[in-house]
Structure formats: structure tokens, C-alpha cells
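J.: Sharing a structure, written as C-alpha cells. Questions coming.
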Amino acid sequence: MRYISEFRDRTLADNLANRIAQEVQPDREYHFMEFCGGHTHAIFRYGVQDLMPQNVHFVHGPGCPVCVLPVRRLDDAVELAEKHDVILCTYGDMMRVPGTGRRSLIKAKADGADIRMVYSTLDALKIARDNSNKQVVFFAIGFETTTPPTAVAIKMAQAEELTNFTVFCNHVLTPAAIGHILDSPDFAPGGPGRIDGFLGPSHVSAVIGSQPYEAAAQKYQKPVVIAGFEPLDVMQSVLMLIRQANAGRAEVENQYTRVVTREGNRKAQDLVADVLELRDSFEWRGLGAVPDSALQISDNFAAYDAEKRFRVSQKQSREVKSCECPAVLRGVKKPTDCKLFGTVCTPDNPMGACMVSSEGACAAYWSYGRQRAPRDAA
Amino acid sequence: MTDRIDMTHGGGGRAMADLIRDVFHKHLGNEVLDRGDDAGLFAVQKGRMVMSTDGHVISPLFFPGGDIGSLSVHGTVNDLAMMGAKPLYLTAGFILEEGFPLADLERIVWSMAQAARAADVKVISGDTKVVERGKGDGVFITTTGVGAVPDGLDISVANVTAGQSIIVSGTMGDHGVAVLSKRENLEFETEICSDSAALHGLVADMVAAVPSIAMLRDPTRGGLSATLNEIATAAGVGMALDEAQIPVSPDVAAACELLGLDPLNTANEGKLIAICPRAEAQTLLAAMRAHPLGQRAVVIGETVADPAHLVQMETAFGGTRIVDWLSGEQLPRIC
């Protein structure tokens, strides 16, 4: 346990806060996007922004796997569970996300659909083994962190010759999203948003390494620091970003050296490459269609692809009106800019995914930070 | 007797009578229950009494440090104790699922009897129903209890005002993590035991030392966060906590870290929160620490004037944050 408490040490935090305060240039503003919801929650849960100078701002990024899944894909999952007589296995965070007409998996479950919350892909495999008379679909979502377990499940299903197990694959890729955000008019010169650097994904980078971000850092001249999820990780990474920004550097640096290497986990990468392949394009909530930003099941494993086994209907999927999740995910609005925030939309009655997920920015603002004045929350 | 519950055990015939005699009376028997009347007869004392009821549904039924039997005694005894009462009598309603192993039922009833004896309460009436397979989850137990409140005590959320001390009796989250560690799909190796215990002995020592205690509550479902928010809302105050003071055992902290859970949202079954005048806090702490169930008692913060009734906390890291209600179930994060 000491391994954890050391990364939350108050004396070290105070030292880092002093260093940051000394090194920021008082005449400029620093806007850093923390890519991951894990960072956002660390910032709010530990009150990291209380230790930052007034001119250091966090811009919350799209790194919440539940949040970026477009409504359409969620509606498809609900349809699979309700109309195709399958057992749908899902990570728990997905259960309460509202789809079109605020229909969620948890409501479908209450109405009789067989939806099971699982903690790992292996649980879904076990359910398939135990229910050989039913089709079992694993609702796979998440960034590169969760792709290797999905790949493992598919390989195991093949090895065991399971004929009733498929995966509804919605895995997305982080480097493509970073490029897409920086290409958008939101962050063009004169646009509404500003990013001076990125706190790069931590667990994702444990799998893919820090190298995949080098192209974006160079192309857009933005520093990236791969940052762990502990509050001291976040603070040290901010200091590293400030130093890069002050020096006019735009490099990929790795703060999270205890886990991440430049190359990443080759074995996991090979496994994923064996089972999954790049999609031409995939829709992200907030970002729209992003080329080369997601994975699908490769032809060799087509028998385990739920999209091939089941034909879901074409549908008109819609977000809840006035929900600002898309703009929040792009980093151009704060949760508190949304009219619904804290009035009709709360974690108990969520209108959008960002208020549901334990990695969503709206949930972080509401659960940990709604006492703050709006300026302070920035 | 057969080795599993079947529908005849709830049918009112001989099988049911046998079950009641061979399992329930055998373990829970006392002079009231043994009379075999339709209701338990007891003498009423002068003064005020409290009454409370609690339904127990838990998966798994057996967990490190307890089971649904002991839990069903502690749960209701603690509800009475949080009013400062001495618990006296319990009733127990069992809903059994067809096919439930009789050996497991006997183990549960035995454990109930042990817990009741240790808490010095008598089970004076009971009921058994059997539901068809698939319509229950093994066994559900509802217990109702009555207790006597000593004269002069007034323990109620209505007494909570700004400027009082908030005390917890020990580490947070042990029960929730112990249960989770044995849940299907999530089993993990741990030494963590549920803290399930009857708290009225501790409470008796506390009210003897500090009769001006404002209120007591046990942070069960939803953990410390939910209970403090409940109190803040009902009393119309805010709270300021100091995270560094909140006791969490290293094992529970590690398990929560691994699973992405928060010990402050995790259930306890043998801990209490006390709110008392600031001037009495040290006296109360000393009384609590002298009791085996209060050795790690500590002041974690105080009530403050706040029209928004927020529970706020200075984090051990040096920032501040809200401690909020939990929405839905606690879920591990994905990424």
C-alpha cells in the first residue's frame, strides 16, 4: 500500500506546487488538456487545482471510454439485448448511460432483457460456457487499455470452439483523437479553444507506449507528457509541460516511467494486431467521424463478430437535447457551461454520458467540485 | 428430514412444524419462543421504547467475518442502539427458496443464535415462507427489534447544529470489501473480514460518558459518504472533514484502489458515527477507545453552517473536494 500513499504525499505535493509557482511565467496563461477521465478525476478528487497557480488551466479531454461512444452504438447494444434474445455482457459503467429517448441498458434490463454486468472479458466467456443454449455478446468498449483483454477473449473462444460467443467491438484509439482535436476549428488560431500541451494517457500508454504520440507532438508543435493517474503524477507532469512550454519545446516526455516505455507492451500489441484491425472511420461522441480511430474484428475471427452475426436495424439515434457532452468532450466547454448541469442533469438523473461515467468530466465536477465558483473550477 | 428446502416446508403441515422445531427452536429457543404462541409475550417497562425493522438480502450469504444470520441480528440491534437504546427482543421472518440446503439454513440460524446471545437479545417470534426455485436468492431474513431507551437521553438528528464534532468509531469499508471479495466473478485473496458487530455495548459506554451526545448513526449501505450526506441534509448543516483523519485499513485501501472503489462509499456493519458538542469530544473519544469496538475512534471533522448542506473534505493531498452521495452502485472504472 505504501506504493500508493507515496504518490499522494502532501509534502511532495507542496514542494511541486512551489516549483510550479516559481516556474510559471506570470504574463502568460497555460492551457493543458488532460486526455483521460482518470486524470480529470484525480484532479478533482485530490483537489489538485487548489495547488495550481491561477494561470494554469486544465482542459478536460475526451478520454472517457463510456462518454465517447456515440448514442447510435449504445442504441445498437440495447437492441441486441432486447430484440435478438442474447445475453449482453457489459462493463458496469455503461449500464446507466442514456441512449436515444433516455433508454439505457439498465432500463432494458429492468424490462426483462438479459444484461449482465461483468468485471472482465473472462466473466463474459464463462457466461457463454454456462449458457450454451443462448447467444452471448460482449459489449466491448474502451481505449487501447481494454483491447488486449478483448483480444484474449476472442482467442480463447476460438480455442474452446465456443459457438455462442461474439464481441460487439467499439474499441477506439487515442493518438487519432489527439490529432483530430488539434485539426478541428475549435483549436485553430482564433478558435474558441486553446491547448498548450497534453497530459498524455497513462494506462493506454502502458500498452501502446509513448512513441505513437510523437507524430502529433511534432506536427502540431504541442508538448505531450505521458502522465500517471496519481495526483503527484499529475502535478509533476504539469511541471514538465510548463518547462517545455517555457522553452518552446514540443516533445513527448514520459513522467509515468514506472509503467510506460517508449515501445509499450509488444506482446499485447501483437495479440491485438492478430485479432483486431483498423476501421476506416468511427464516430466519436463530440468529435464526429474520426478516420483510423477505432478497431474492428479482423476477417480471420469474423465468427466472433457480433456485427456480422446479428443484423441491427438502421435507426435515428439522438442525444438528449441541450446536453453539452459533445462540446465538453472536445474540450471547448466546461461542464458548468451546460444549462442542464446540476439542474436537470445530475448523477442520479443523467442526461448525458459525461455525468454517468466514473471517468466523465461532468461527474467529476458534480461529485467533487460543485462547491467551487465557476472560475475556480476551470 | 430431507436435505433441502422444498415447498412442503412452507405449507403449514408436518414438514413445516418439523423445520421450526428442528432448526429454529433448537437454536433460537427461549422461554418466550418456546411457548409456541402466535406472538411473543413480554412485559413492558416504564419509559420510552424504540422499534425498528431491517430486511437482509446479501450475496454471498456467507462472507469472511459473518453471514446473513449474524448480520440480520446486528443490523436491527444497531438500528436500536443508534437511538441509545438497550435492545431487548427481536422477531425474525425468513423467506426461503425452494432447493436451499438445510445444512446452510441451520448454519445461518445457529449464527443468528450466537449473535443474539452475544448481544443479549431474545428472538421471541418468527415466520417462515418458502418461495419457488428462482423466486428468491437462497434466503432473505427480515428482523424487527424493540429496545428500551434510558431516561433523559435524546439522540436525534434534530440535535445536530453547526460547530459540533464528528467522530467515527473505527476503520471504514471493511464489511463492503469483505463481501465483495467473495462475490462471484470478483473473488480475490484477502484477509479482510467484515466488521459486523452489535454496537449497543459501545453506545452504552458512550452515553454514560457523554449524555449530551447529539446523534448516532451506523454508516451501512452507501458508507460514510451517504450517511454524512443524509445527516447534513436532515440537520440542515454542512460538514468539513479532514481526509487524513479518516481511518481506513491498509488492506481495504489496497482492495479499493485495485477495484476503483472508494472506501468512503463502502458499507460498514460494525461502526458508528457520533456527533457531539465540541467540548465533549475528547471525553467521548476516551470512552470509545476504552471499548473493544471503539479502539480506533477518531474525530474526522465538524459540522459547519452551510446553506447548501455540502459535505466537504480537505484531502490528504492538500486540496478540497466534496464528499458526495453515491449514484447507483459503485463500479470499477474501465480505463
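Lettering and numbering for the C-alpha cells are positional, with chains as A, B, ... in the shown order, residues counted from 1 in each chain, and ligands counted from 1 in the shown order.
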Kindly assemble as JSON lines a list of the chain A residues that lie within 7 Å of chain B, each paired with its nearest atom pair and their distance in Å to one decimal, using only C-alpha atoms, sorted first by chain and then by ascending residue number.

T.:
{"residue": "A:Met1", "atom": "CA", "partner": "B:Ala254", "partner_atom": "CA", "distance": 5.8}
{"residue": "A:Arg8", "atom": "CA", "partner": "B:Phe317", "partner_atom": "CA", "distance": 5.8}
{"residue": "A:Asp9", "atom": "CA", "partner": "B:Phe317", "partner_atom": "CA", "distance": 6.2}
{"residue": "A:Arg10", "atom": "CA", "partner": "B:Phe317", "partner_atom": "CA", "distance": 4.7}
{"residue": "A:Ala13", "atom": "CA", "partner": "B:Phe317", "partner_atom": "CA", "distance": 6.9}
{"residue": "A:Phe44", "atom": "CA", "partner": "B:Arg321", "partner_atom": "CA", "distance": 6.8}
{"residue": "A:Arg45", "atom": "CA", "partner": "B:Arg321", "partner_atom": "CA", "distance": 6.2}
{"residue": "A:Tyr46", "atom": "CA", "partner": "B:Thr315", "partner_atom": "CA", "distance": 5.7}
{"residue": "A:Gly47", "atom": "CA", "partner": "B:Gly319", "partner_atom": "CA", "distance": 3.9}
{"residue": "A:Val48", "atom": "CA", "partner": "B:Gly319", "partner_atom": "CA", "distance": 6.0}
{"residue": "A:Asp50", "atom": "CA", "partner": "B:Gly319", "partner_atom": "CA", "distance": 5.4}
{"residue": "A:Leu51", "atom": "CA", "partner": "B:Gly319", "partner_atom": "CA", "distance": 6.8}
{"residue": "A:Gly92", "atom": "CA", "partner": "B:Leu331", "partner_atom": "CA", "distance": 6.1}
{"residue": "A:Asp93", "atom": "CA", "partner": "B:Leu331", "partner_atom": "CA", "distance": 6.4}
{"residue": "A:Asp123", "atom": "CA", "partner": "B:Asn185", "partner_atom": "CA", "distance": 6.3}
{"residue": "A:Gly142", "atom": "CA", "partner": "B:Cys335", "partner_atom": "CA", "distance": 6.7}
{"residue": "A:Thr145", "atom": "CA", "partner": "B:Cys335", "partner_atom": "CA", "distance": 6.0}
{"residue": "A:Thr146", "atom": "CA", "partner": "B:Cys335", "partner_atom": "CA", "distance": 6.8}
{"residue": "A:His203", "atom": "CA", "partner": "B:Cys335", "partner_atom": "CA", "distance": 7.0}
{"residue": "A:Pro347", "atom": "CA", "partner": "B:Ser327", "partner_atom": "CA", "distance": 5.8}
{"residue": "A:Asp348", "atom": "CA", "partner": "B:Ser327", "partner_atom": "CA", "distance": 5.4}
{"residue": "A:Ser358", "atom": "CA", "partner": "B:Arg333", "partner_atom": "CA", "distance": 6.2}
{"residue": "A:Ser367", "atom": "CA", "partner": "B:Asp324", "partner_atom": "CA", "distance": 5.5}
{"residue": "A:Tyr368", "atom": "CA", "partner": "B:Ile322", "partner_atom": "CA", "distance": 4.4}
{"residue": "A:Gly369", "atom": "CA", "partner": "B:Arg321", "partner_atom": "CA", "distance": 5.8}

J.: With N, CA and C atoms retained, export the selected residues as a PDB file, in the first residue's frame.

T.:
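After the write, selection-v5.pdb holds the following:
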ATOM      1  N   MET A   1       0.821  -1.210   0.000  1.00  0.00           N
ATOM      2  CA  MET A   1       0.000   0.000   0.000  1.00  0.00           C
ATOM      3  C   MET A   1       0.847   1.249   0.000  1.00  0.00           C
ATOM      4  N   ARG A   8       0.697  10.218  -3.112  1.00  0.00           N
ATOM      5  CA  ARG A   8      -0.298  11.190  -2.653  1.00  0.00           C
ATOM      6  C   ARG A   8       0.267  11.984  -1.480  1.00  0.00           C
ATOM      7  N   ASP A   9       1.582  12.051  -1.410  1.00  0.00           N
ATOM      8  CA  ASP A   9       2.232  12.650  -0.248  1.00  0.00           C
ATOM      9  C   ASP A   9       2.116  14.170  -0.278  1.00  0.00           C
ATOM     10  N   ARG A  10       1.654  14.691   0.846  1.00  0.00           N
ATOM     11  CA  ARG A  10       1.364  16.119   0.886  1.00  0.00           C
ATOM     12  C   ARG A  10       2.624  16.983   0.831  1.00  0.00           C
ATOM     13  N   ALA A  13       3.743  17.134  -2.604  1.00  0.00           N
ATOM     14  CA  ALA A  13       2.799  17.965  -3.362  1.00  0.00           C
ATOM     15  C   ALA A  13       3.102  19.442  -3.143  1.00  0.00           C
ATOM     16  N   PHE A  44      -9.808  16.395  -9.494  1.00  0.00           N
ATOM     17  CA  PHE A  44     -10.912  16.829  -8.635  1.00  0.00           C
ATOM     18  C   PHE A  44     -10.927  16.097  -7.299  1.00  0.00           C
ATOM     19  N   ARG A  45     -10.640  14.810  -7.337  1.00  0.00           N
ATOM     20  CA  ARG A  45     -10.738  14.034  -6.108  1.00  0.00           C
ATOM     21  C   ARG A  45      -9.713  14.496  -5.069  1.00  0.00           C
ATOM     22  N   TYR A  46      -8.532  14.879  -5.534  1.00  0.00           N
ATOM     23  CA  TYR A  46      -7.491  15.289  -4.596  1.00  0.00           C
ATOM     24  C   TYR A  46      -7.365  16.803  -4.496  1.00  0.00           C
ATOM     25  N   GLY A  47      -8.157  17.504  -5.261  1.00  0.00           N
ATOM     26  CA  GLY A  47      -8.114  18.963  -5.197  1.00  0.00           C
ATOM     27  C   GLY A  47      -6.830  19.528  -5.771  1.00  0.00           C
ATOM     28  N   VAL A  48      -6.315  18.906  -6.856  1.00  0.00           N
ATOM     29  CA  VAL A  48      -5.036  19.331  -7.437  1.00  0.00           C
ATOM     30  C   VAL A  48      -5.084  20.792  -7.890  1.00  0.00           C
ATOM     31  N   ASP A  50      -6.377  23.230  -6.554  1.00  0.00           N
ATOM     32  CA  ASP A  50      -6.128  24.151  -5.437  1.00  0.00           C
ATOM     33  C   ASP A  50      -4.633  24.447  -5.286  1.00  0.00           C
ATOM     34  N   LEU A  51      -3.813  23.573  -5.825  1.00  0.00           N
ATOM     35  CA  LEU A  51      -2.359  23.731  -5.665  1.00  0.00           C
ATOM     36  C   LEU A  51      -1.719  24.372  -6.898  1.00  0.00           C
ATOM     37  N   GLY A  92     -19.797  -2.336 -16.130  1.00  0.00           N
ATOM     38  CA  GLY A  92     -20.847  -1.699 -15.348  1.00  0.00           C
ATOM     39  C   GLY A  92     -21.065  -0.234 -15.662  1.00  0.00           C
ATOM     40  N   ASP A  93     -19.979   0.468 -16.001  1.00  0.00           N
ATOM     41  CA  ASP A  93     -20.072   1.898 -16.253  1.00  0.00           C
ATOM     42  C   ASP A  93     -21.039   2.237 -17.380  1.00  0.00           C
ATOM     43  N   ASP A 123     -15.202 -13.117 -17.555  1.00  0.00           N
ATOM     44  CA  ASP A 123     -16.530 -13.368 -16.987  1.00  0.00           C
ATOM     45  C   ASP A 123     -17.540 -13.616 -18.103  1.00  0.00           C
ATOM     46  N   GLY A 142     -13.870   0.894 -24.953  1.00  0.00           N
ATOM     47  CA  GLY A 142     -12.652   1.324 -24.269  1.00  0.00           C
ATOM     48  C   GLY A 142     -11.525   1.634 -25.226  1.00  0.00           C
ATOM     49  N   THR A 145      -6.283   0.355 -23.574  1.00  0.00           N
ATOM     50  CA  THR A 145      -6.126  -0.374 -22.318  1.00  0.00           C
ATOM     51  C   THR A 145      -6.962  -1.636 -22.306  1.00  0.00           C
ATOM     52  N   THR A 146      -8.164  -1.563 -22.843  1.00  0.00           N
ATOM     53  CA  THR A 146      -9.094  -2.683 -22.732  1.00  0.00           C
ATOM     54  C   THR A 146      -9.109  -3.561 -23.986  1.00  0.00           C
ATOM     55  N   HIS A 203      -2.582   4.601 -18.681  1.00  0.00           N
ATOM     56  CA  HIS A 203      -2.746   3.157 -18.829  1.00  0.00           C
ATOM     57  C   HIS A 203      -2.708   2.753 -20.302  1.00  0.00           C
ATOM     58  N   PRO A 347     -25.834  13.040 -11.375  1.00  0.00           N
ATOM     59  CA  PRO A 347     -25.517  11.608 -11.494  1.00  0.00           C
ATOM     60  C   PRO A 347     -26.728  10.698 -11.243  1.00  0.00           C
ATOM     61  N   ASP A 348     -27.681  11.170 -10.464  1.00  0.00           N
ATOM     62  CA  ASP A 348     -28.864  10.345 -10.219  1.00  0.00           C
ATOM     63  C   ASP A 348     -29.840  10.368 -11.385  1.00  0.00           C
ATOM     64  N   SER A 358     -17.688   7.137 -14.215  1.00  0.00           N
ATOM     65  CA  SER A 358     -16.721   7.499 -13.189  1.00  0.00           C
ATOM     66  C   SER A 358     -15.486   8.132 -13.820  1.00  0.00           C
ATOM     67  N   SER A 367     -19.520  15.637  -8.501  1.00  0.00           N
ATOM     68  CA  SER A 367     -19.275  14.845  -7.299  1.00  0.00           C
ATOM     69  C   SER A 367     -18.210  15.445  -6.395  1.00  0.00           C
ATOM     70  N   TYR A 368     -17.227  16.086  -6.974  1.00  0.00           N
ATOM     71  CA  TYR A 368     -16.112  16.558  -6.157  1.00  0.00           C
ATOM     72  C   TYR A 368     -15.990  18.074  -6.113  1.00  0.00           C
ATOM     73  N   GLY A 369     -16.552  18.751  -7.116  1.00  0.00           N
ATOM     74  CA  GLY A 369     -16.162  20.157  -7.247  1.00  0.00           C
ATOM     75  C   GLY A 369     -17.279  21.167  -7.393  1.00  0.00           C
TER      76      GLY A 369
END

J.: If you count only C-alpha atoms, which residues fall within 7 Å of range 290-297 of chain B, apart from same-chain ones fewer than 3 positions away, as a PyMOL selection string?

T.: chain B and resi 167-170+202+285-287

J.: Please provide the set of residues having any atom within 7 Å of range 15-24 of chain B, restricted to only C-alpha atoms, with same-chain residues fewer than 6 positions apart removed, written as a ChimeraX atom specification.

T.: /B:8-9,106,109

J.: Just C-alpha atoms for this one: save the residues we selected as a PDB file, in the first residue's frame.

T.:
ATOM      1  CA  THR B   8     -43.796 -28.500   1.929  1.00  0.00           C
ATOM      2  CA  HIS B   9     -41.568 -26.625   4.392  1.00  0.00           C
ATOM      3  CA  GLU B 106     -29.041 -24.435  10.073  1.00  0.00           C
ATOM      4  CA  VAL B 109     -29.821 -19.907  12.246  1.00  0.00           C
TER       5      VAL B 109
END

J.: Need the shell around Met117 in chain A: protein/DNA/RNA residues with any atom at most 6 Å away, counting only C-alpha atoms. Skip same-chain ones fewer than 5 positions apart. Format as a PyMOL selection string?

T.: chain A and resi 89-92

J.: Skipping near chain neighbours, those fewer than 3 positions away, what residues fall within 7 Å of Asp196 in chain A using only C-alpha atoms, listed as a list in words?

T.: Tyr30, His31, Phe32 and Lys222 of chain A

J.: Go ahead and save the residues from that selection, with N, CA and C atoms, as a compact mmCIF listing (two decimals), in the first residue's frame.

T.:
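Contents of the output file again_31.txt:
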# COMPACT_ATOMS: atom_id res chain seq x y z
N TYR A 30 -1.51 29.14 -19.25
CA TYR A 30 -1.19 27.78 -19.68
C TYR A 30 -2.46 26.94 -19.70
N HIS A 31 -2.78 26.39 -20.88
CA HIS A 31 -3.96 25.53 -21.01
C HIS A 31 -3.49 24.12 -21.38
N PHE A 32 -3.64 23.21 -20.46
CA PHE A 32 -3.20 21.83 -20.71
C PHE A 32 -4.41 20.91 -20.74
N LYS A 222 3.01 20.63 -30.12
CA LYS A 222 2.44 20.64 -28.77
C LYS A 222 3.18 19.62 -27.91

J.: Taking the backbone alone, and naming residues the way the document does, which bits of range 144-368 of chain A are alpha helix (DSSP H) by DSSP, as an NGL selection string?

T.: :A and (147-159 or 174-183 or 203-208 or 214-220 or 231-247 or 266-275 or 306-309 or 325-330 or 361-368)

J.: Neighbours of Gln314 in chain A within 12 Å (only C-alpha atoms; same-chain residues fewer than 2 positions away dropped), as a PyMOL selection string?

T.: chain A and resi 72-73+75-76+79+311-312+316-317

J.: Write out as a PyMOL selection string each polymer residue whose atoms come within 9 Å of range 98-100 of chain A, counting only C-alpha atoms; drop sequence neighbours fewer than 4 positions from it.

T.: chain A and resi 70-75+78+104-105+316-320+350-353+356

J.: For the residues in that selection, give me C-alpha atoms as an mmCIF file, in the first residue's frame.

T.:
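result_5.cif was written with the following content:
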data_model
loop_
_atom_site.group_PDB
_atom_site.id
_atom_site.type_symbol
_atom_site.label_atom_id
_atom_site.label_comp_id
_atom_site.auth_asym_id
_atom_site.auth_seq_id
_atom_site.Cartn_x
_atom_site.Cartn_y
_atom_site.Cartn_z
ATOM 1 C CA PRO A 70 -21.872 7.538 -29.824
ATOM 2 C CA VAL A 71 -25.534 7.100 -28.940
ATOM 3 C CA ARG A 72 -26.049 5.017 -32.052
ATOM 4 C CA ARG A 73 -23.751 2.246 -30.840
ATOM 5 C CA LEU A 74 -25.411 2.224 -27.438
ATOM 6 C CA ASP A 75 -28.825 2.008 -29.105
ATOM 7 C CA VAL A 78 -29.855 -2.097 -26.348
ATOM 8 C CA SER A 104 -30.355 2.779 -21.109
ATOM 9 C CA LEU A 105 -29.147 -0.776 -20.629
ATOM 10 C CA GLN A 316 -32.342 7.611 -35.891
ATOM 11 C CA SER A 317 -30.258 7.969 -32.771
ATOM 12 C CA ARG A 318 -30.385 11.208 -30.858
ATOM 13 C CA GLU A 319 -28.623 12.805 -27.926
ATOM 14 C CA VAL A 320 -30.689 14.473 -25.243
ATOM 15 C CA PRO A 350 -28.048 11.759 -16.045
ATOM 16 C CA MET A 351 -28.872 13.346 -19.399
ATOM 17 C CA GLY A 352 -25.513 12.549 -20.941
ATOM 18 C CA ALA A 353 -22.707 10.044 -20.599
ATOM 19 C CA VAL A 356 -22.683 8.923 -15.651
#

J.: Would you compute the distance between CA of Met83 in chain B and CA of Ile141 in chain B? Give it in Å to one decimal.

T.: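 A separation of 22.5 Å between them.
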
J.: Which residue gives the smallest distance to Ala176 in chain A among A:Ala245, A:Val118, A:Val207, A:Ala215, with only C-alpha atoms counted?

T.: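 For Ala176 in chain A, the nearest of the given residues is A:Ala215.
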
J.: Considering only strand (DSSP E) as DSSP defines it on the backbone, what residues of range 155-258 of chain A qualify? List them as a VMD selection string.

T.: chain A and resid 165 to 171 197 to 200 224 to 226 252 to 254

J.: Only C-alpha atoms, please: the residues just picked out, written as a PDB file, in the first residue's frame.

T.:
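Result file follows (selection-v1.pdb):
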ATOM      1  CA  PHE A 165     -19.878 -16.041 -28.058  1.00  0.00           C
ATOM      2  CA  THR A 166     -19.405 -12.846 -30.042  1.00  0.00           C
ATOM      3  CA  VAL A 167     -17.987  -9.400 -29.395  1.00  0.00           C
ATOM      4  CA  PHE A 168     -19.674  -6.103 -30.275  1.00  0.00           C
ATOM      5  CA  CYS A 169     -16.439  -4.224 -30.840  1.00  0.00           C
ATOM      6  CA  ASN A 170     -16.275  -0.493 -30.100  1.00  0.00           C
ATOM      7  CA  HIS A 171     -12.629  -0.074 -29.229  1.00  0.00           C
ATOM      8  CA  GLY A 197       0.123  20.770 -24.265  1.00  0.00           C
ATOM      9  CA  PHE A 198      -1.262  17.403 -23.260  1.00  0.00           C
ATOM     10  CA  LEU A 199      -1.180  15.243 -20.184  1.00  0.00           C
ATOM     11  CA  GLY A 200      -0.980  12.043 -22.222  1.00  0.00           C
ATOM     12  CA  VAL A 224       2.903  15.750 -24.574  1.00  0.00           C
ATOM     13  CA  VAL A 225       3.794  14.329 -21.175  1.00  0.00           C
ATOM     14  CA  ILE A 226       2.612  10.778 -20.521  1.00  0.00           C
ATOM     15  CA  VAL A 252       6.836  13.538 -25.946  1.00  0.00           C
ATOM     16  CA  GLU A 253       8.148  13.085 -22.434  1.00  0.00           C
ATOM     17  CA  ASN A 254       7.310  10.244 -20.109  1.00  0.00           C
TER      18      ASN A 254
END

J.: Check the smallest atom-to-atom distance from each of B:Ala226, B:Met172, B:Leu71, B:Ala305 to Val57 in chain B using only C-alpha atoms, then report the winner.

T.: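 Between B:Ala226, B:Met172, B:Leu71, B:Ala305, the residue approaching Val57 in chain B most closely is B:Leu71.
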
J.: Please determine, counting only C-alpha atoms, which residue among B:Leu105, B:Val123, B:Ala162, B:Ala281 has the shortest atom-to-atom distance to Gly145 in chain B.

T.: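 Closest to Gly145 in chain B, using only C-alpha atoms: B:Val123.
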